$ cat coords18.cif   # mmCIF, N, CA, C and O atoms
data_input
#
loop_
_atom_site.label_atom_id
_atom_site.label_comp_id
_atom_site.auth_asym_id
_atom_site.auth_seq_id
_atom_site.Cartn_x
_atom_site.Cartn_y
_atom_site.Cartn_z
N MET A 203 122.38 95.28 91.41
CA MET A 203 122.64 96.22 92.49
C MET A 203 122.49 95.48 93.82
O MET A 203 121.44 94.96 94.14
N ASN A 204 123.57 95.46 94.57
CA ASN A 204 123.59 94.73 95.83
C ASN A 204 123.18 95.63 96.99
O ASN A 204 123.55 96.79 97.04
N VAL A 205 122.40 95.07 97.88
CA VAL A 205 122.03 95.80 99.09
C VAL A 205 123.08 95.47 100.14
O VAL A 205 123.31 94.31 100.47
N ASP A 206 123.72 96.49 100.67
CA ASP A 206 124.78 96.28 101.65
C ASP A 206 124.18 96.25 103.05
O ASP A 206 123.98 97.28 103.69
N VAL A 207 123.85 95.04 103.50
CA VAL A 207 123.20 94.86 104.80
C VAL A 207 124.19 95.14 105.93
O VAL A 207 123.79 95.60 107.00
N ASN A 208 125.48 94.90 105.68
CA ASN A 208 126.48 95.14 106.71
C ASN A 208 126.50 96.61 107.13
O ASN A 208 126.68 96.91 108.32
N ALA A 209 126.32 97.51 106.19
CA ALA A 209 126.32 98.94 106.51
C ALA A 209 125.14 99.29 107.41
O ALA A 209 125.28 100.09 108.34
N ILE A 210 124.00 98.67 107.17
CA ILE A 210 122.82 98.93 108.00
C ILE A 210 123.08 98.45 109.43
O ILE A 210 122.76 99.14 110.40
N PHE A 211 123.69 97.26 109.56
CA PHE A 211 123.99 96.74 110.89
C PHE A 211 125.06 97.58 111.59
O PHE A 211 125.02 97.75 112.81
N GLN A 212 126.03 98.09 110.83
CA GLN A 212 127.05 98.96 111.42
C GLN A 212 126.43 100.24 111.96
O GLN A 212 126.75 100.67 113.08
N ILE A 213 125.55 100.84 111.19
CA ILE A 213 124.89 102.07 111.63
C ILE A 213 124.03 101.80 112.86
O ILE A 213 124.04 102.57 113.83
N ALA A 214 123.30 100.70 112.85
CA ALA A 214 122.47 100.35 114.01
C ALA A 214 123.34 100.07 115.23
O ALA A 214 123.01 100.49 116.35
N GLY A 215 124.45 99.38 115.03
CA GLY A 215 125.36 99.09 116.14
C GLY A 215 125.95 100.34 116.75
O GLY A 215 126.04 100.48 117.97
N ILE A 216 126.36 101.26 115.88
CA ILE A 216 126.90 102.53 116.37
C ILE A 216 125.84 103.28 117.16
O ILE A 216 126.12 103.85 118.22
N GLY A 217 124.61 103.27 116.66
CA GLY A 217 123.52 103.95 117.36
C GLY A 217 123.26 103.35 118.74
O GLY A 217 123.07 104.09 119.71
N ILE A 218 123.29 102.03 118.84
CA ILE A 218 123.06 101.38 120.13
C ILE A 218 124.19 101.69 121.10
O ILE A 218 123.95 102.01 122.28
N ILE A 219 125.42 101.61 120.62
CA ILE A 219 126.57 101.88 121.49
C ILE A 219 126.58 103.33 121.96
O ILE A 219 126.81 103.61 123.15
N ILE A 220 126.29 104.26 121.05
CA ILE A 220 126.25 105.67 121.42
C ILE A 220 125.13 105.93 122.43
O ILE A 220 125.31 106.70 123.38
N ALA A 221 123.99 105.28 122.25
CA ALA A 221 122.89 105.46 123.20
C ALA A 221 123.27 104.95 124.59
O ALA A 221 122.95 105.60 125.60
N MET A 222 123.97 103.82 124.64
CA MET A 222 124.38 103.29 125.94
C MET A 222 125.41 104.21 126.61
O MET A 222 125.30 104.49 127.81
N ILE A 223 126.39 104.67 125.84
CA ILE A 223 127.40 105.57 126.40
C ILE A 223 126.75 106.87 126.88
O ILE A 223 127.08 107.39 127.95
N HIS A 224 125.81 107.39 126.08
CA HIS A 224 125.10 108.62 126.45
C HIS A 224 124.35 108.43 127.78
O HIS A 224 124.41 109.30 128.66
N THR A 225 123.67 107.31 127.92
CA THR A 225 122.91 107.05 129.14
C THR A 225 123.83 106.93 130.35
O THR A 225 123.54 107.49 131.42
N VAL A 226 124.95 106.21 130.18
CA VAL A 226 125.88 106.04 131.30
C VAL A 226 126.46 107.39 131.72
O VAL A 226 126.54 107.72 132.92
N LEU A 227 126.89 108.19 130.75
CA LEU A 227 127.48 109.49 131.07
C LEU A 227 126.45 110.42 131.71
O LEU A 227 126.78 111.18 132.62
N LYS A 228 125.22 110.35 131.23
CA LYS A 228 124.18 111.20 131.81
C LYS A 228 123.88 110.79 133.25
O LYS A 228 123.66 111.65 134.11
N GLN A 229 123.89 109.50 133.54
CA GLN A 229 123.67 109.03 134.90
C GLN A 229 124.81 109.43 135.83
O GLN A 229 124.61 109.62 137.02
N MET A 230 126.02 109.55 135.28
CA MET A 230 127.17 109.96 136.07
C MET A 230 127.21 111.46 136.29
O MET A 230 128.05 111.96 137.03
N GLY A 231 126.31 112.18 135.65
CA GLY A 231 126.26 113.63 135.82
C GLY A 231 127.12 114.39 134.84
O GLY A 231 127.32 115.59 135.00
N LYS A 232 127.64 113.72 133.83
CA LYS A 232 128.49 114.38 132.84
C LYS A 232 127.68 114.58 131.56
O LYS A 232 127.94 113.96 130.53
N GLU A 233 126.69 115.46 131.65
CA GLU A 233 125.79 115.67 130.52
C GLU A 233 126.48 116.30 129.33
O GLU A 233 126.12 116.02 128.19
N ASP A 234 127.47 117.17 129.57
CA ASP A 234 128.19 117.80 128.46
C ASP A 234 128.92 116.75 127.63
O ASP A 234 128.87 116.77 126.40
N MET A 235 129.59 115.84 128.31
CA MET A 235 130.30 114.76 127.60
C MET A 235 129.32 113.86 126.87
O MET A 235 129.61 113.38 125.77
N ALA A 236 128.17 113.62 127.48
CA ALA A 236 127.15 112.78 126.85
C ALA A 236 126.67 113.40 125.54
O ALA A 236 126.51 112.70 124.53
N HIS A 237 126.47 114.70 125.56
CA HIS A 237 126.04 115.38 124.33
C HIS A 237 127.13 115.35 123.28
O HIS A 237 126.85 115.17 122.09
N TRP A 238 128.38 115.51 123.67
CA TRP A 238 129.48 115.47 122.71
C TRP A 238 129.62 114.08 122.09
O TRP A 238 129.89 113.94 120.90
N VAL A 239 129.43 113.04 122.89
CA VAL A 239 129.49 111.68 122.36
C VAL A 239 128.38 111.46 121.34
O VAL A 239 128.61 110.87 120.28
N THR A 240 127.21 111.98 121.62
CA THR A 240 126.09 111.86 120.69
C THR A 240 126.38 112.60 119.39
O THR A 240 126.11 112.09 118.30
N VAL A 241 126.93 113.79 119.49
CA VAL A 241 127.26 114.57 118.28
C VAL A 241 128.32 113.86 117.46
O VAL A 241 128.21 113.77 116.23
N ILE A 242 129.34 113.33 118.11
CA ILE A 242 130.40 112.62 117.38
C ILE A 242 129.84 111.37 116.72
O ILE A 242 130.18 111.07 115.56
N GLY A 243 128.99 110.64 117.39
CA GLY A 243 128.35 109.47 116.80
C GLY A 243 127.50 109.84 115.60
O GLY A 243 127.50 109.14 114.58
N PHE A 244 126.79 110.95 115.70
CA PHE A 244 125.97 111.42 114.59
C PHE A 244 126.83 111.76 113.39
O PHE A 244 126.49 111.41 112.25
N VAL A 245 127.97 112.41 113.61
CA VAL A 245 128.86 112.79 112.52
C VAL A 245 129.44 111.54 111.84
O VAL A 245 129.52 111.47 110.61
N VAL A 246 129.81 110.54 112.63
CA VAL A 246 130.35 109.30 112.06
C VAL A 246 129.31 108.62 111.19
O VAL A 246 129.59 108.20 110.06
N VAL A 247 128.09 108.52 111.69
CA VAL A 247 127.02 107.89 110.91
C VAL A 247 126.70 108.74 109.67
O VAL A 247 126.43 108.19 108.59
N LEU A 248 126.75 110.04 109.80
CA LEU A 248 126.49 110.92 108.66
C LEU A 248 127.50 110.68 107.55
O LEU A 248 127.15 110.60 106.37
N PHE A 249 128.78 110.54 107.90
CA PHE A 249 129.80 110.25 106.89
C PHE A 249 129.57 108.88 106.24
O PHE A 249 129.77 108.72 105.03
N MET A 250 129.13 107.91 107.02
CA MET A 250 128.84 106.60 106.44
C MET A 250 127.68 106.68 105.45
O MET A 250 127.73 106.10 104.37
N VAL A 251 126.64 107.43 105.80
CA VAL A 251 125.48 107.56 104.92
C VAL A 251 125.86 108.34 103.66
O VAL A 251 125.42 107.98 102.55
N VAL A 252 126.69 109.36 103.79
CA VAL A 252 127.13 110.12 102.61
C VAL A 252 127.91 109.22 101.66
O VAL A 252 127.73 109.27 100.44
N ARG A 253 128.77 108.36 102.22
CA ARG A 253 129.53 107.43 101.37
C ARG A 253 128.59 106.46 100.65
O ARG A 253 128.76 106.18 99.46
N LEU A 254 127.57 105.97 101.37
CA LEU A 254 126.62 105.06 100.75
C LEU A 254 125.80 105.76 99.67
O LEU A 254 125.51 105.19 98.61
N LEU A 255 125.41 107.01 99.92
CA LEU A 255 124.67 107.77 98.91
C LEU A 255 125.53 108.04 97.67
O LEU A 255 125.03 108.01 96.55
N ASP A 256 126.82 108.29 97.89
CA ASP A 256 127.73 108.49 96.76
C ASP A 256 127.79 107.23 95.90
O ASP A 256 127.71 107.31 94.66
N ASN A 257 127.88 106.08 96.54
CA ASN A 257 127.89 104.82 95.79
C ASN A 257 126.57 104.60 95.05
O ASN A 257 126.56 104.13 93.91
N LEU A 258 125.46 104.97 95.69
CA LEU A 258 124.16 104.83 95.04
C LEU A 258 124.06 105.71 93.81
O LEU A 258 123.60 105.26 92.75
N PHE A 259 124.49 106.97 93.92
CA PHE A 259 124.41 107.87 92.77
C PHE A 259 125.33 107.43 91.64
O PHE A 259 124.99 107.56 90.47
N LYS A 260 126.49 106.88 91.98
CA LYS A 260 127.38 106.35 90.94
C LYS A 260 126.72 105.18 90.23
O LYS A 260 126.82 105.04 89.01
N GLU A 261 126.05 104.32 90.98
CA GLU A 261 125.37 103.16 90.40
C GLU A 261 124.22 103.61 89.50
O GLU A 261 124.04 103.08 88.39
N ILE A 262 123.46 104.59 89.93
CA ILE A 262 122.36 105.12 89.12
C ILE A 262 122.90 105.75 87.85
O ILE A 262 122.34 105.58 86.76
N LYS A 263 124.00 106.46 87.97
CA LYS A 263 124.61 107.10 86.80
C LYS A 263 125.07 106.05 85.78
O LYS A 263 124.86 106.23 84.58
N THR A 264 125.67 104.97 86.25
CA THR A 264 126.10 103.94 85.32
C THR A 264 124.94 103.22 84.68
O THR A 264 125.02 102.79 83.52
N ILE A 265 123.82 103.10 85.40
CA ILE A 265 122.65 102.41 84.82
C ILE A 265 122.01 103.26 83.74
O ILE A 265 121.71 102.77 82.65
N PHE A 266 121.81 104.53 83.99
CA PHE A 266 121.07 105.37 83.05
C PHE A 266 121.94 105.93 81.93
O PHE A 266 121.43 106.30 80.89
N LEU A 267 123.25 106.00 82.14
CA LEU A 267 124.13 106.50 81.09
C LEU A 267 124.81 105.36 80.35
O LEU A 267 125.59 105.60 79.43
N PHE A 268 124.54 104.14 80.74
CA PHE A 268 125.06 102.94 80.09
C PHE A 268 126.57 102.97 79.97
O PHE A 268 127.14 102.73 78.92
N GLN A 269 127.23 103.25 81.07
CA GLN A 269 128.69 103.28 81.07
C GLN A 269 129.24 102.07 81.76
O GLN A 269 128.85 101.64 82.77
#
$ encode --input "coords18.cif" --output "structure tokens"
Amino acid sequence: MNVDVNAIFQIAGIGIIIAMIHTVLKQMGKEDMAHWVTVIGFVVVLFMVVRLLDNLFKEIKTIFLFQ
């Protein structure tokens, strides 16, 4: 079972970029846009985590069911 380190770095990178964009937009006085950017970033990361969890459950299923 391989640990996908690239996915962890992608999620961390998205988080850093979203935090920077949120801060810049908030400083510009566009708090509504800043919140929307944060929500969109959260949804993107959520889909990535769901995909990774799906792969994990498939791997566990193949290990315990010997398929």
$ closest_residue --input "coords18.cif" --among "A:Val251, A:Lys263, A:Gly243, A:Asp256" --to "A:Gly217" --atoms "all atoms listed in the file"
A:Gly243
$ atom_distance --input "coords18.cif" --atom1 "atom CA of A:Ala236" --atom2 "atom CA of A:Val252"
24.4 Å
$ atom_distance --input "coords18.cif" --atom1 "atom CA of A:Phe211" --atom2 "atom CA of A:Leu248"
14.6 Å
$ atom_distance --input "coords18.cif" --atom1 "atom CA of A:Phe249" --atom2 "atom C of A:Ala209"
11.9 Å
$ axis_aligned_box --input "coords18.cif" --around "stretch 207-218 of chain A" --padding-each-side "3 Å" --output "AutoDock Vina command-line options"
--center_x 124.8 --center_y 99.5 --center_z 112.9 --size_x 10.6 --size_y 15.2 --size_z 24.8
$ closest_residue --input "coords18.cif" --among "A:Ile265, A:Met250, A:Ile223, A:Leu258" --to "A:Asn208" --atoms "only C-alpha atoms"
A:Met250
$ build_atoms --input "coords18.cif" --residues "stretch 215-226 of chain A" --atoms "all heavy atoms" --output "short mmCIF file (atom, residue, chain, number, x, y, z; two decimals), in the coordinates of the input"
data_model
loop_
_atom_site.label_atom_id
_atom_site.label_comp_id
_atom_site.auth_asym_id
_atom_site.auth_seq_id
_atom_site.Cartn_x
_atom_site.Cartn_y
_atom_site.Cartn_z
N GLY A 215 124.45 99.38 115.03
CA GLY A 215 125.36 99.09 116.14
C GLY A 215 125.95 100.34 116.75
O GLY A 215 126.04 100.48 117.97
N ILE A 216 126.36 101.26 115.88
CA ILE A 216 126.90 102.53 116.37
C ILE A 216 125.84 103.28 117.16
O ILE A 216 126.12 103.85 118.22
CB ILE A 216 127.43 103.38 115.20
CG1 ILE A 216 128.70 102.75 114.62
CG2 ILE A 216 127.72 104.81 115.64
CD1 ILE A 216 129.17 103.39 113.34
N GLY A 217 124.61 103.27 116.66
CA GLY A 217 123.52 103.95 117.36
C GLY A 217 123.26 103.35 118.74
O GLY A 217 123.07 104.09 119.71
N ILE A 218 123.29 102.03 118.84
CA ILE A 218 123.06 101.38 120.13
C ILE A 218 124.19 101.69 121.10
O ILE A 218 123.95 102.01 122.28
CB ILE A 218 122.89 99.87 119.94
CG1 ILE A 218 121.57 99.59 119.20
CG2 ILE A 218 122.93 99.12 121.26
CD1 ILE A 218 121.42 98.17 118.72
N ILE A 219 125.42 101.61 120.62
CA ILE A 219 126.57 101.88 121.49
C ILE A 219 126.58 103.33 121.96
O ILE A 219 126.81 103.61 123.15
CB ILE A 219 127.89 101.53 120.76
CG1 ILE A 219 127.99 100.01 120.61
CG2 ILE A 219 129.10 102.06 121.52
CD1 ILE A 219 129.10 99.56 119.69
N ILE A 220 126.29 104.26 121.05
CA ILE A 220 126.25 105.67 121.42
C ILE A 220 125.13 105.93 122.43
O ILE A 220 125.31 106.70 123.38
CB ILE A 220 126.08 106.56 120.16
CG1 ILE A 220 127.32 106.44 119.28
CG2 ILE A 220 125.80 108.00 120.53
CD1 ILE A 220 128.59 106.91 119.92
N ALA A 221 123.99 105.28 122.25
CA ALA A 221 122.89 105.46 123.20
C ALA A 221 123.27 104.95 124.59
O ALA A 221 122.95 105.60 125.60
CB ALA A 221 121.65 104.74 122.69
N MET A 222 123.97 103.82 124.64
CA MET A 222 124.38 103.29 125.94
C MET A 222 125.41 104.21 126.61
O MET A 222 125.30 104.49 127.81
CB MET A 222 124.97 101.88 125.77
CG MET A 222 123.93 100.85 125.43
SD MET A 222 124.50 99.16 125.10
CE MET A 222 126.13 99.08 125.67
N ILE A 223 126.39 104.67 125.84
CA ILE A 223 127.40 105.57 126.40
C ILE A 223 126.75 106.87 126.88
O ILE A 223 127.08 107.39 127.95
CB ILE A 223 128.52 105.84 125.38
CG1 ILE A 223 129.31 104.57 125.12
CG2 ILE A 223 129.44 106.95 125.85
CD1 ILE A 223 130.30 104.68 123.97
N HIS A 224 125.81 107.39 126.08
CA HIS A 224 125.10 108.62 126.45
C HIS A 224 124.35 108.43 127.78
O HIS A 224 124.41 109.30 128.66
CB HIS A 224 124.13 109.01 125.34
CG HIS A 224 123.35 110.25 125.64
ND1 HIS A 224 123.84 111.51 125.41
CD2 HIS A 224 122.12 110.43 126.18
CE1 HIS A 224 122.94 112.40 125.78
NE2 HIS A 224 121.89 111.76 126.25
N THR A 225 123.67 107.31 127.92
CA THR A 225 122.91 107.05 129.14
C THR A 225 123.83 106.93 130.35
O THR A 225 123.54 107.49 131.42
CB THR A 225 122.09 105.75 128.98
OG1 THR A 225 121.25 105.88 127.82
CG2 THR A 225 121.25 105.49 130.20
N VAL A 226 124.95 106.21 130.18
CA VAL A 226 125.88 106.04 131.30
C VAL A 226 126.46 107.39 131.72
O VAL A 226 126.54 107.72 132.92
CB VAL A 226 127.00 105.04 130.93
CG1 VAL A 226 128.12 105.07 131.96
CG2 VAL A 226 126.43 103.64 130.80
#
